[in-house]
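*Asks:* Below is one structure. I have some questions about it.
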Amino acid sequence: MEIQHSKHESWSDTESTSSTRVGYSGPLSGPILMNNKKSSSKKSARFKDGDDEYVEITLDIREDSVSVQNIKGGDPETAMLATRLEKRPSFGSQLSFRIRQVSQELKRMTSTKAAAPFNKVDRSKSGAARALQGLKFMTTKNVGSEGWSEVEKRFDELSVDGSLLKSLFGQCIGMNESKEFASELFEALARRRGITSSAISKAELREFWEQISDHGFDARLQTFFDMVDKDADGRITEEEVKEIIALSASANKLSKIQESAEEYAALIMEELDKDNLGYIEIYNLETLLLQAPSQSTNLVTDSRILSRLLSEKLVPTKERNPIKRWGRGLAYFLEDNWKRIWVLALWISICAGLFTWKFIQYKHRAVFDVMGYCVTTAKGAAETTKFNMALILLPVCRNTITWLRSRTKLGVVVPFDDNINFHKVVALGIAIGVGLHAGAHLTCDFPRLLHATDEEYEPMKPFFGEKRPNNYWWFVKGTEGWTGVAMVVLMAIAYILAQPWFRRNRLNLPKPIKKLTGFNAFWYSHHLFVIVYALFIVHGYFLYLSKKWYKKTTWMYLAVPMLLYACERLIRAFRSGYKSVKILKVAVYPGNVLSLHMSKPQGFKYTSGQYIFVNCAAVSPFQWHPFSITSSPADDYLSIHIRTLGDWTSQLKALFVKVCQPPSVNQSGLLRADVGKGENKPRLPKLLIDGPYGAPAQDYKKYDVLLLVGLGIGATPLISIVKDVLNNIKQQKEMEEGIENGVKNNKRKPFATKRAYFYWVTREQGSFEWFRGVMNEVAEYDRDRMIELHNYCTSVFEEGDARSALITMLQSLHHAKSGVDIVSGTRVKTHFARPNWHKVFKHVAVNHANQRVGVFYCGAPGLTGELRRLAQDFSRKTSTKFDFHKENF
């Protein structure tokens with residue numbers, strides 16, 4: 001840019017005048033026109049752009065104000081920049097800064113005009129239009145719906161003597177999770193206003209707020225540019241790009257990107273600085289922002305499907321009539337839960353029938369005259385307890401349930417997926433029965449017997465002896481008494497330690513007590529059932545009021561279930577004895593995940609989605625823990641992924657870590673141990689496995705379309721399904737090629753699934769290393785996009801947030817150049833924040849009309865309700881039917 005001297009007067013920086021000198025930078029160091037009045041001075045500067053057009057701005061600078069006297073040339077943007085000077089300064093340094101600020105803005109504008117022509121982004125395009133909605137510093141998540149009033153309220157709480165410290169700025173505007181980012185934002189906003197102190201007033205905070213909450217994209221872009229441009233020269237160097245990349249990566253908890261900030265800064269400069277100037281300007285940043293593809297563009301539909309989507313009534317309308325609304329809700333409930341309802345109804349009916357039968361039976365006996373309804377209640381509750389003590393064993397006969405769900409059609413009417421839930425319901429029934437039985441005896445029966453008259457006691461002599469009991473101890477010391485008390489104590493221990501608060505250590509208990517809880521306590525206390533059942537049989541044989549053997553029915557209830565369960569345990573013990581596996585590979589991944597690749601035992605067959613029990617004698621010879629199989633049935637190995645959350649898993653990981661070493665350059669994981677054919681083989685712990693066992697996910701083969709949702713380590717059973725679907729696609733293509741070439745294929749018969757959508761949501765960037773190989777294999781082979789992979793990293797702020805804007809730009813650049821995603825390290829592009837599940841279901845529904853979709857979810861229970869509700873809503877409002885399945889252990 002050429003600076004032209006004024007015709008009126010010219011002077012240099014070294015020239016002294018009677019007026020106060022004002023510091024300038026950039027273009028305004030050119031000619032200035034001044035008058036000789038003491039109270040004011042007029043200064044002007046001319047700028048020449050590449051088209052030989054001049055822009056001249058004349059300012060009237062007085063002691064207490066600045067005004068624009070004249071603007072020659074330029075455009076409305078120039079005039080807008082100049083008007084920023086028309087403010088009343090509080091002191092000389094701010095006045096100097098305002099002039100310097102406009103100087104820099106003009107320099108940016110004129111240097112842009114003088115630069116080589118570039119293709120300006122068309123903001124009307126859909127991709128650019130979506131990007132224009134992004135780069136937001138403030139959202140409802142930061143300040144809710146109140147806006148400035150909420151920020152003002154926080155200022156009043158956090159300020160000291162009317163000033164807000166820089167360290168509290170992030171908390172005040174709602175950026176609690178990104179204090180470093182908020183600190184840099186503070187610096188940029190303060191730098192633009194000439195504020196050098198580390199504290200601001202409420203008025204200054206209001207100015208900050210108005211700028212960062214501006215809905216205009218250009219204003220947000222300028223703010224972001226100022227954050228990067230730390231020396232405020234209108235240019236961004238590679239070092240400044242590196243700093244902002246490291247800051248954005250830190251704010252989004254992306255440690256791997258932070259470590260490679262220098263490499264990614266070079267990538268951005270290579271892409272935007274085509275002329276090797278060593279810097280980029282604001283228009284380069286705009287181009288990169290607006291051309292970056294939106295995260296949501298993966299969910300595409302063609303025009304035909306889109307038109308059908310718009311016509312679908314996917315939002316349920318509220319029925320005004322409460323009776324009809326209640327009736328419709330009941331109909332939906334019955335439709336979704338009829339399997340559970342009939343099973344529970346049958347169970348309750350049997351319990352009620354047994355209770356009534358015994359109640360009536362004892363009402364007509366002589367003991368009723370002495371003990372009254374207490375004895376009838378106790379005996380009715382005892383009968384239901386016998387039935388439930390037998391029934392509770394059946395849901396945990398895993399081999400039997402696996403055989404029934406795999407080899408029979410009972411799964412059509414029996415909800416095998418809820419076996420553990422039914423086990424818990426029956427346990428509650430036992431607790432109620434025991435409570436009624438023991439309570440009626442101890443608080444009613446025995447006191448009545450102790451206080452009965454001789455005449456009333458006469459009919460009781462055949463049952464309690466010639467001499468009437470004189471105290472409670474008589475009842476307790478008898479076989480019937482001490483066995484009952486012991487059972488109640490052991491049942492109470494097992495029942496309490498099985499509750500989630502104790503099993504998962506959710507309560508903040510003192511350390512001595514906390515050691516008595518957790519999974520180990522649950523596991524060992526549950527195996528007290530052996531003693532409980534022995535006591536139960538003895539207690540049921542030595543009865544006060546029944547002396548004939550055929551009336552002592554406890555053993556009759558328990559015989560078949562106990563025999564079945566005993567056979568189950570014998571099969572498990574026998575099968576695990578010869579299913580000792582050889583460890584082939586060990587890998588320790590970020591997120592405390594241990595991956596084990598094992599040899600497949602002879603004749604071991606399984607289906608994707610199933611799980612196995614694992615035992616490591618070096619940790620505990622008695623404990624067996626379930627883990628989903630992550631390998632495909634077609635693989636020549638067996639693999640599981642274990643997240644260390646409890647005592648047993650932590651000890652298991654510690655054993656394997658001892659024999660692991662850092663991986664080589666081309667290997668994944670933090671530590672590894674590969675058992676090859678070399679002489680120096682690591683000595684690994686011995687593992688036993690038992691299984692496989694059936695799970696809800698194994699039913700995927702009967703669906704044409706799959707929607708797989710995994711949270712964190714919950715992706716393990718679904719990864720096996722993805723691999724199996726991929727192998728199925730490969731096999732189908734091989735069969736088609738074989739038929740064309742006249743070659744007979746003797747492989748297994750392909751199954752129904754033709755399309756799969758896999759959504760994996762995880763908090764940590766390192767989690768994507770767990771299944772990197774599978775992701776890359778699917779992306780490489782699945783050319784027809786039969787399997788859609790969607791990875792979501794929730795530590796990254798949602799699309800449109802300024803804190804993740806640079807990560808989005810960098811992701812697009814890197815993926816376009818190398819085909820590798822910078823977040824996951826795979827060929828699958830990562831989405832940010834959490835999925836919009838309504839959009840996910842809508843995407844599947846409109847692409848697969850008149851089809852049945854199997855929805856399989858494995859993860860934290862918090863999402864179960866939402867996914868089940870969406871599956872139900874879309875099944876009723878669209879022609880696509882969704883069957884929801886939740887993984888249980």
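Identifiers for the structure tokens are assigned positionally: chains receive A, B, ... in sequence, residues are indexed from 1 per chain, and ligands are indexed from 1 in the order shown.
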Would you mind listing what lies within 12 Å of A:Arg340 as a list in words, with only C-alpha atoms counted and same-chain residues fewer than 5 positions away left out?
*Replies:* Phe333, Leu334, Glu335, Ala345, Leu346, Trp347, Gly411, Val412, Val413, Val414, Pro415, Phe416, Asp417, Asp418, Asn419, Asn421, Phe422 and Val425 of chain A
*Asks:* According to DSSP computed on the backbone, where in stretch 594-808 of chain A is there strand (DSSP E or B)? Give the residues as a PyMOL selection string.
*Replies:* chain A and resi 594-599+611-616+625-629+637-643+661+671-674+687-693+705-711+755-762+787-793+801
*Asks:* Neighbours of A:Leu354 within 12 Å (only C-alpha atoms; same-chain residues fewer than 3 positions away dropped), as a list in words?
*Replies:*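 Contacts, with the query itself left out: Trp347, Ile348, Ser349, Ile350, Cys351, Trp357, Lys358, Phe359, Ile360, Gln361, Thr376, Thr377, Lys379, Gly380, Ala381, Ala382, Glu383, Thr384, Thr385, Lys386, Phe387, Asn388 and Gly433 of chain A.
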*Asks:* When you look at stretch 404-410 of chain A with a cut-off of 12 Å (counting only C-alpha atoms), what residues show up, excluding the ones that are within fewer than 5 positions of it in the same chain? I need them as JSON, numbers by chain.
*Replies:* {"A": [339, 395, 397, 398, 399, 415, 416, 417, 419, 606, 607, 610, 692, 693, 694, 695, 696, 697, 698, 699, 701]}
*Asks:* Figure out the distance between atom CA of A:Glu764 and atom CA of A:Phe832, please, to one decimal in Å.
*Replies:*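 Here the two named atoms are 11.5 Å from each other.
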*Asks:* When you draw a straight line from atom CA of A:Ser608 to atom CA of A:Ala715, how long is it in Å?
*Replies:*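 Distance between the two atoms: 12.3 Å.
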*Asks:* Excluding same-chain residues fewer than 3 positions from A:Phe797, what lies within 8 Å of it counting only C-alpha atoms, as a list of chain:residue names?
*Replies:*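 Skipping anything fewer than 3 positions along the chain leaves A:Asn252, A:Thr794, A:Asp801, A:Arg803, A:Ser804, A:Phe832, A:Ala833.
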*Asks:* With distances taken over only C-alpha atoms, which of A:Val761, A:Ile721, A:Leu507, A:Val778 is nearest to A:Ser795?
*Replies:*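 Checking each of A:Val761, A:Ile721, A:Leu507, A:Val778 against A:Ser795, counting only C-alpha atoms, the winner is A:Val761.
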*Asks:* Between A:Leu687, A:Val705, A:Cys858, A:Ile401, which has the minimum distance to A:Ala845 (counting only C-alpha atoms)?
*Replies:* A:Val705
*Asks:* For A:Leu638, which of A:Val725, A:Ala249, A:Ala431, A:Ile583 is the closest residue, counting only C-alpha atoms?
*Replies:* A:Ile583
